[in-house]
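A.B. asks: Got a structure for you, protein39.txt, holding compact mmCIF, C-alpha atoms.
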```
# COMPACT_ATOMS: atom_id res chain seq x y z
CA MET E 875 2.14 26.27 16.17
CA VAL E 876 0.95 23.50 13.84
CA SER E 877 2.02 20.04 14.95
CA SER E 878 3.02 17.67 12.20
CA PRO E 879 3.45 13.90 12.16
CA LYS E 880 6.91 12.61 11.23
CA ASP E 881 5.22 10.30 8.73
CA HIS E 882 3.20 12.22 6.10
CA ARG E 883 1.71 9.19 4.34
CA PRO E 884 -2.09 9.19 4.10
CA ILE E 885 -3.88 7.70 7.09
CA VAL E 886 -6.66 5.27 6.18
CA ILE E 887 -9.19 4.79 8.96
CA SER E 888 -11.73 2.01 8.67
CA GLY E 889 -14.10 0.10 10.88
CA PRO E 890 -17.74 -0.88 11.07
CA SER E 891 -20.48 1.71 10.74
CA GLY E 892 -21.31 3.10 14.18
CA VAL E 893 -17.94 2.35 15.77
CA GLY E 894 -17.02 6.02 16.25
CA LYS E 895 -14.58 6.61 13.39
CA GLY E 896 -16.05 10.02 12.60
CA THR E 897 -15.82 11.17 16.22
CA LEU E 898 -12.18 10.08 16.49
CA VAL E 899 -11.21 11.74 13.21
CA GLN E 900 -12.97 14.96 14.25
CA LYS E 901 -11.04 14.98 17.56
CA LEU E 902 -7.79 14.55 15.61
CA PHE E 903 -8.66 17.53 13.41
CA ASP E 904 -9.80 19.64 16.37
CA LYS E 905 -6.69 18.96 18.47
CA HIS E 906 -4.29 19.56 15.56
CA PRO E 907 -5.79 22.34 13.38
CA GLY E 908 -4.07 22.92 10.07
CA THR E 909 -2.39 19.50 10.08
CA PHE E 910 -4.84 17.14 8.41
CA GLY E 911 -6.97 17.18 5.28
CA PHE E 912 -10.01 14.98 4.97
CA THR E 913 -10.94 13.41 1.68
CA VAL E 914 -14.55 13.86 0.69
CA SER E 915 -15.92 10.71 -0.92
CA HIS E 916 -18.31 10.44 -3.83
CA THR E 917 -21.54 8.52 -3.25
CA THR E 918 -24.73 7.64 -5.02
CA ARG E 919 -26.52 7.74 -1.64
CA LYS E 920 -29.05 10.50 -1.09
CA ALA E 921 -28.03 13.22 1.35
CA ARG E 922 -29.29 12.87 4.91
CA PRO E 923 -30.69 15.90 6.73
CA GLY E 924 -27.90 18.33 7.54
CA GLU E 925 -25.36 16.82 5.13
CA ILE E 926 -23.74 19.39 2.87
CA GLU E 927 -22.58 18.72 -0.70
CA GLY E 928 -18.80 18.72 -0.89
CA VAL E 929 -18.46 18.49 2.90
CA ALA E 930 -20.15 15.23 3.87
CA TYR E 931 -19.92 13.71 0.38
CA PHE E 932 -20.04 14.59 -3.28
CA PHE E 933 -23.53 13.28 -4.07
CA VAL E 934 -23.59 11.93 -7.64
CA SER E 935 -25.85 9.84 -9.84
CA SER E 936 -25.06 6.20 -10.64
CA SER E 937 -24.06 7.18 -14.18
CA GLU E 938 -21.69 9.89 -12.89
CA PHE E 939 -20.15 7.37 -10.50
CA SER E 940 -19.71 4.82 -13.31
CA PHE E 941 -18.02 7.49 -15.41
CA LEU E 942 -15.52 8.23 -12.59
CA CYS E 943 -14.73 4.50 -12.31
CA ALA E 944 -14.30 4.14 -16.07
CA GLN E 945 -11.90 7.12 -16.13
CA GLY E 946 -9.78 5.57 -13.35
CA ALA E 947 -10.46 8.65 -11.23
CA LEU E 948 -11.14 6.66 -8.03
CA VAL E 949 -8.42 5.10 -5.84
CA GLU E 950 -11.04 2.96 -4.16
CA HIS E 951 -14.74 2.32 -4.43
CA ALA E 952 -17.31 0.05 -2.86
CA TYR E 953 -20.95 -0.89 -3.15
CA PHE E 954 -22.79 -1.08 0.14
CA SER E 955 -26.43 -1.13 1.16
CA GLY E 956 -27.63 -0.20 -2.32
CA ASN E 957 -25.19 2.66 -2.93
CA TYR E 958 -21.71 3.26 -4.32
CA TYR E 959 -18.99 5.07 -2.39
CA GLY E 960 -15.53 6.05 -3.63
CA THR E 961 -12.52 8.30 -3.12
CA SER E 962 -11.08 10.23 -6.04
CA LYS E 963 -7.36 10.69 -6.68
CA GLN E 964 -8.10 14.39 -7.08
CA THR E 965 -9.40 14.85 -3.53
CA ILE E 966 -6.24 13.19 -2.12
CA ASP E 967 -3.96 15.29 -4.34
CA ASP E 968 -5.80 18.49 -3.43
CA GLN E 969 -5.19 17.96 0.29
CA ALA E 970 -1.56 16.85 -0.13
CA ARG E 971 -0.79 19.92 -2.27
CA LYS E 972 -1.90 22.07 0.66
CA GLY E 973 0.78 20.35 2.79
CA LEU E 974 -1.81 18.45 4.80
CA VAL E 975 -1.63 14.84 5.95
CA VAL E 976 -4.52 13.15 4.16
CA VAL E 977 -7.07 11.20 6.23
CA LEU E 978 -9.41 8.74 4.51
CA ASP E 979 -12.43 7.13 6.20
CA ILE E 980 -13.22 4.13 3.99
CA GLU E 981 -14.82 0.70 4.04
CA MET E 982 -13.04 -2.65 3.98
CA GLN E 983 -13.42 -3.09 0.20
CA GLY E 984 -11.64 0.23 -0.27
CA VAL E 985 -8.87 -0.78 2.14
CA ARG E 986 -8.28 -3.94 0.11
CA GLN E 987 -8.18 -1.95 -3.16
CA MET E 988 -5.75 0.61 -1.76
CA LYS E 989 -3.47 -2.07 -0.28
CA ALA E 990 -3.41 -3.81 -3.68
CA ASN E 991 -2.41 -0.58 -5.46
CA PRO E 992 1.40 -0.31 -5.48
CA SER E 993 1.25 3.44 -6.16
CA ILE E 994 -0.46 4.13 -2.82
CA ASP E 995 1.64 4.10 0.33
CA ALA E 996 -0.55 4.67 3.37
CA ARG E 997 -0.92 3.80 7.05
CA TYR E 998 -3.97 1.72 7.99
CA VAL E 999 -5.93 2.02 11.25
CA PHE E 1000 -8.93 -0.11 12.16
CA ILE E 1001 -11.39 1.09 14.81
CA LYS E 1002 -12.99 -1.85 16.58
CA PRO E 1003 -16.01 -1.86 18.91
CA PRO E 1004 -15.57 -3.27 22.44
CA SER E 1005 -18.09 -5.97 21.49
CA PHE E 1006 -20.51 -6.83 18.71
CA GLU E 1007 -23.41 -6.11 21.10
CA ALA E 1008 -22.04 -2.64 21.87
CA LEU E 1009 -21.83 -1.93 18.13
CA GLU E 1010 -25.44 -3.01 17.60
CA ALA E 1011 -26.56 -0.75 20.46
CA ARG E 1012 -24.69 2.21 18.94
CA LEU E 1013 -26.25 1.63 15.51
CA ARG E 1014 -29.75 1.44 16.98
CA ALA E 1015 -29.19 4.54 19.14
CA ARG E 1016 -28.34 6.63 16.04
CA GLY E 1017 -31.88 6.21 14.75
CA THR E 1018 -30.81 6.89 11.15
CA GLU E 1019 -31.53 3.46 9.59
CA ASN E 1020 -34.45 1.10 9.41
CA GLU E 1021 -34.23 -2.49 10.69
CA GLU E 1022 -33.23 -3.91 7.30
CA ASP E 1023 -30.35 -1.43 7.01
CA ILE E 1024 -29.23 -2.15 10.58
CA GLN E 1025 -29.13 -5.88 9.81
CA LYS E 1026 -27.10 -5.22 6.63
CA ARG E 1027 -24.67 -3.02 8.59
CA LEU E 1028 -24.30 -5.68 11.30
CA ALA E 1029 -23.62 -8.42 8.72
CA GLN E 1030 -21.02 -6.18 7.05
CA ALA E 1031 -19.52 -5.35 10.46
CA GLN E 1032 -18.86 -9.04 11.12
CA VAL E 1033 -17.05 -9.35 7.77
CA GLU E 1034 -14.97 -6.24 8.57
CA LEU E 1035 -14.09 -7.48 12.06
CA ASP E 1036 -12.98 -10.83 10.61
CA TYR E 1037 -10.83 -9.02 8.02
CA ALA E 1038 -9.25 -6.77 10.66
CA ASP E 1039 -8.39 -9.82 12.75
CA SER E 1040 -6.51 -11.35 9.81
CA GLN E 1041 -2.80 -10.84 10.29
CA GLY E 1042 -1.23 -7.79 8.72
CA SER E 1043 -4.35 -6.14 7.32
CA HIS E 1044 -3.85 -2.95 9.40
CA ASP E 1045 -0.90 -1.18 11.01
CA LYS E 1046 -2.93 -0.41 14.13
CA ILE E 1047 -6.16 -1.74 15.65
CA ILE E 1048 -7.82 0.47 18.26
CA VAL E 1049 -10.70 -0.75 20.41
CA ASN E 1050 -13.11 2.15 20.96
CA ASP E 1051 -14.55 1.29 24.36
CA ASN E 1052 -13.79 4.78 25.67
CA ILE E 1053 -13.57 7.69 23.24
CA GLU E 1054 -10.80 9.50 25.17
CA SER E 1055 -8.48 6.50 25.48
CA ALA E 1056 -9.20 5.43 21.88
CA TYR E 1057 -8.36 8.95 20.72
CA GLU E 1058 -5.13 8.97 22.75
CA GLU E 1059 -4.10 5.71 21.08
CA LEU E 1060 -4.90 7.13 17.62
CA ASP E 1061 -2.99 10.35 18.32
CA MET E 1062 0.07 8.43 19.52
CA PHE E 1063 0.00 6.23 16.41
CA VAL E 1064 -0.40 9.17 14.01
CA PHE E 1065 2.39 11.18 15.60
CA GLY E 1066 4.75 8.22 15.89
CA SER E 1067 4.74 7.80 19.66
CA THR E 1068 3.95 4.07 19.51
```
What does the file become when written as structure tokens?

C.D. replies:
Amino acid sequence: MVSSPKDHRPIVISGPSGVGKGTLVQKLFDKHPGTFGFTVSHTTRKARPGEIEGVAYFFVSSSEFSFLCAQGALVEHAYFSGNYYGTSKQTIDDQARKGLVVVLDIEMQGVRQMKANPSIDARYVFIKPPSFEALEARLRARGTENEEDIQKRLAQAQVELDYADSQGSHDKIIVNDNIESAYEELDMFVFGST
């Protein structure tokens, strides 16, 4: 039997790179199959090894991305570390039409844009590291970025943490110091048990 949240508004999950957002979202999908639909973002970033077009991202050129922005096709977009990222209205609509609760994993700039858009009613969750040092250790352990990119991600992380600490920016803040307890907190929030 498919479990379904009482609240079907899209769930926007944000937090610094390396905080474990992807792991938590994957656990949510795995524990509740057929309930959630993930939006696939567009990016001008090159695909990393193992990333599949249309699954990890829609990989587009800068001119294609600019065209999507000009057409008003994106509900949010951001520029980070030399690349553009954005979520199209179409990918949200496609998932909602299937009867799925839409989950978006987006950056702080995108959260601000979505919150400023009166046509979008969503729930906002911020995943926070147990400490800034723990976040840095996680980023370094991934081994996917060079030192310059790590420093950019850490600087951005501080901005995101400051934003999340500002009153009312998110409906729920979850500290990911233990993946199981962080997941339990997310699950309870999504299904209305908190």

A.B. asks: Show me, as a tab-separated table, the residues of region 916-1034 of chain E having an atom within 6 Å of region 1046-1053 of chain E, each with the closest atom pair and its distance in Å, using all atoms listed in the file.

C.D. replies:
```
residue	atom	partner	partner_atom	distance
E:Val999	CA	E:Lys1046	CA	4.8
E:Phe1000	CA	E:Ile1047	CA	4.7
E:Ile1001	CA	E:Ile1048	CA	5.0
E:Lys1002	CA	E:Val1049	CA	4.6
E:Pro1003	CA	E:Asn1050	CA	5.4
E:Pro1004	CA	E:Asp1051	CA	5.1
```

A.B. asks: When you count all atoms listed in the file, which of these residues is closest to Gly896 (chain E): E:Leu942, E:Ala1031, E:Ile980, E:Ile926?

C.D. replies: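 The shortest atom-to-atom distance to Gly896 (chain E) comes from E:Ile980.
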
A.B. asks: Tell me which of E:Leu978, E:Leu948, E:Ala996, E:Ala1029 sits closest to Lys895 (chain E), counting all atoms listed in the file.

C.D. replies: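 Comparing E:Leu978, E:Leu948, E:Ala996, E:Ala1029 against Lys895 (chain E), the winner is E:Leu978.
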
A.B. asks: With all atoms listed in the file as the atoms that count, which of E:Leu1028, E:Gly946, E:Thr918, E:Val899 lies nearest to Val934 (chain E)?

C.D. replies: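 Of the candidates, the smallest distance to Val934 (chain E) is held by E:Thr918.
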
A.B. asks: To one decimal in Å, tell me the separation between CA of Gln969 (chain E) and CA of Gly911 (chain E).

C.D. replies: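 If I compute the distance from CA of Gln969 (chain E) to CA of Gly911 (chain E), I get 5.4 Å.
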
A.B. asks: Would you list the contacts of region 956-967 of chain E as a ChimeraX atom specification, taking every protein, DNA or RNA residue within 6 Å and counting all atoms listed in the file, but skipping same-chain residues closer than 5 positions in sequence?

C.D. replies: /E:913,915-919,947-951

A.B. asks: Residues within 10 Å of Gly1066 (chain E), please, as a list of chain:residue names. Count all atoms listed in the file; anything in the same chain fewer than 3 positions from it doesn't count.

C.D. replies: E:Pro879, E:Lys880, E:Asp881, E:Leu1060, E:Asp1061, E:Met1062, E:Phe1063

A.B. asks: For His1044 (chain E), which residue among E:Gly894, E:Ala930, E:Ser888, E:Tyr998 is the nearest when counting all atoms listed in the file?

C.D. replies: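 Of E:Gly894, E:Ala930, E:Ser888, E:Tyr998, the one nearest His1044 (chain E) is E:Tyr998, counting all atoms listed in the file.
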
A.B. asks: Looking at all atoms listed in the file, which of E:Pro890, E:Glu1010, E:Gly1042, E:Asp979 is the one that sits closest to Gln1025 (chain E)?

C.D. replies: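 The shortest atom-to-atom distance to Gln1025 (chain E) comes from E:Glu1010.
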
A.B. asks: Can you tell me how far CA of Leu902 (chain E) sits from CA of Tyr1057 (chain E), in Å to one decimal?

C.D. replies: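 CA of Tyr1057 (chain E) lies at a distance of 7.6 Å from CA of Leu902 (chain E).
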
A.B. asks: Quick check, in Å to one decimal: how far apart do CA of Gly1017 (chain E) and CA of Glu1059 (chain E) lie?

C.D. replies: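 So the two atoms, CA of Gly1017 (chain E) and CA of Glu1059 (chain E), lie 28.5 Å apart.
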
A.B. asks: List the neighbours of Ala921 (chain E) out to 10 Å using only C-alpha atoms; skip same-chain residues closer than 6 positions along the sequence, and give me the result as a list in words.

C.D. replies: Glu927, Ala930, Tyr931, Phe932 and Phe933 of chain E

A.B. asks: Here is a test: counting only C-alpha atoms, which residue of E:Ser891, E:Tyr1037, E:Ser1043, E:Thr909 is nearest to Ala970 (chain E)?

C.D. replies: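 Answer, going by the shortest atom-to-atom distance: E:Thr909.
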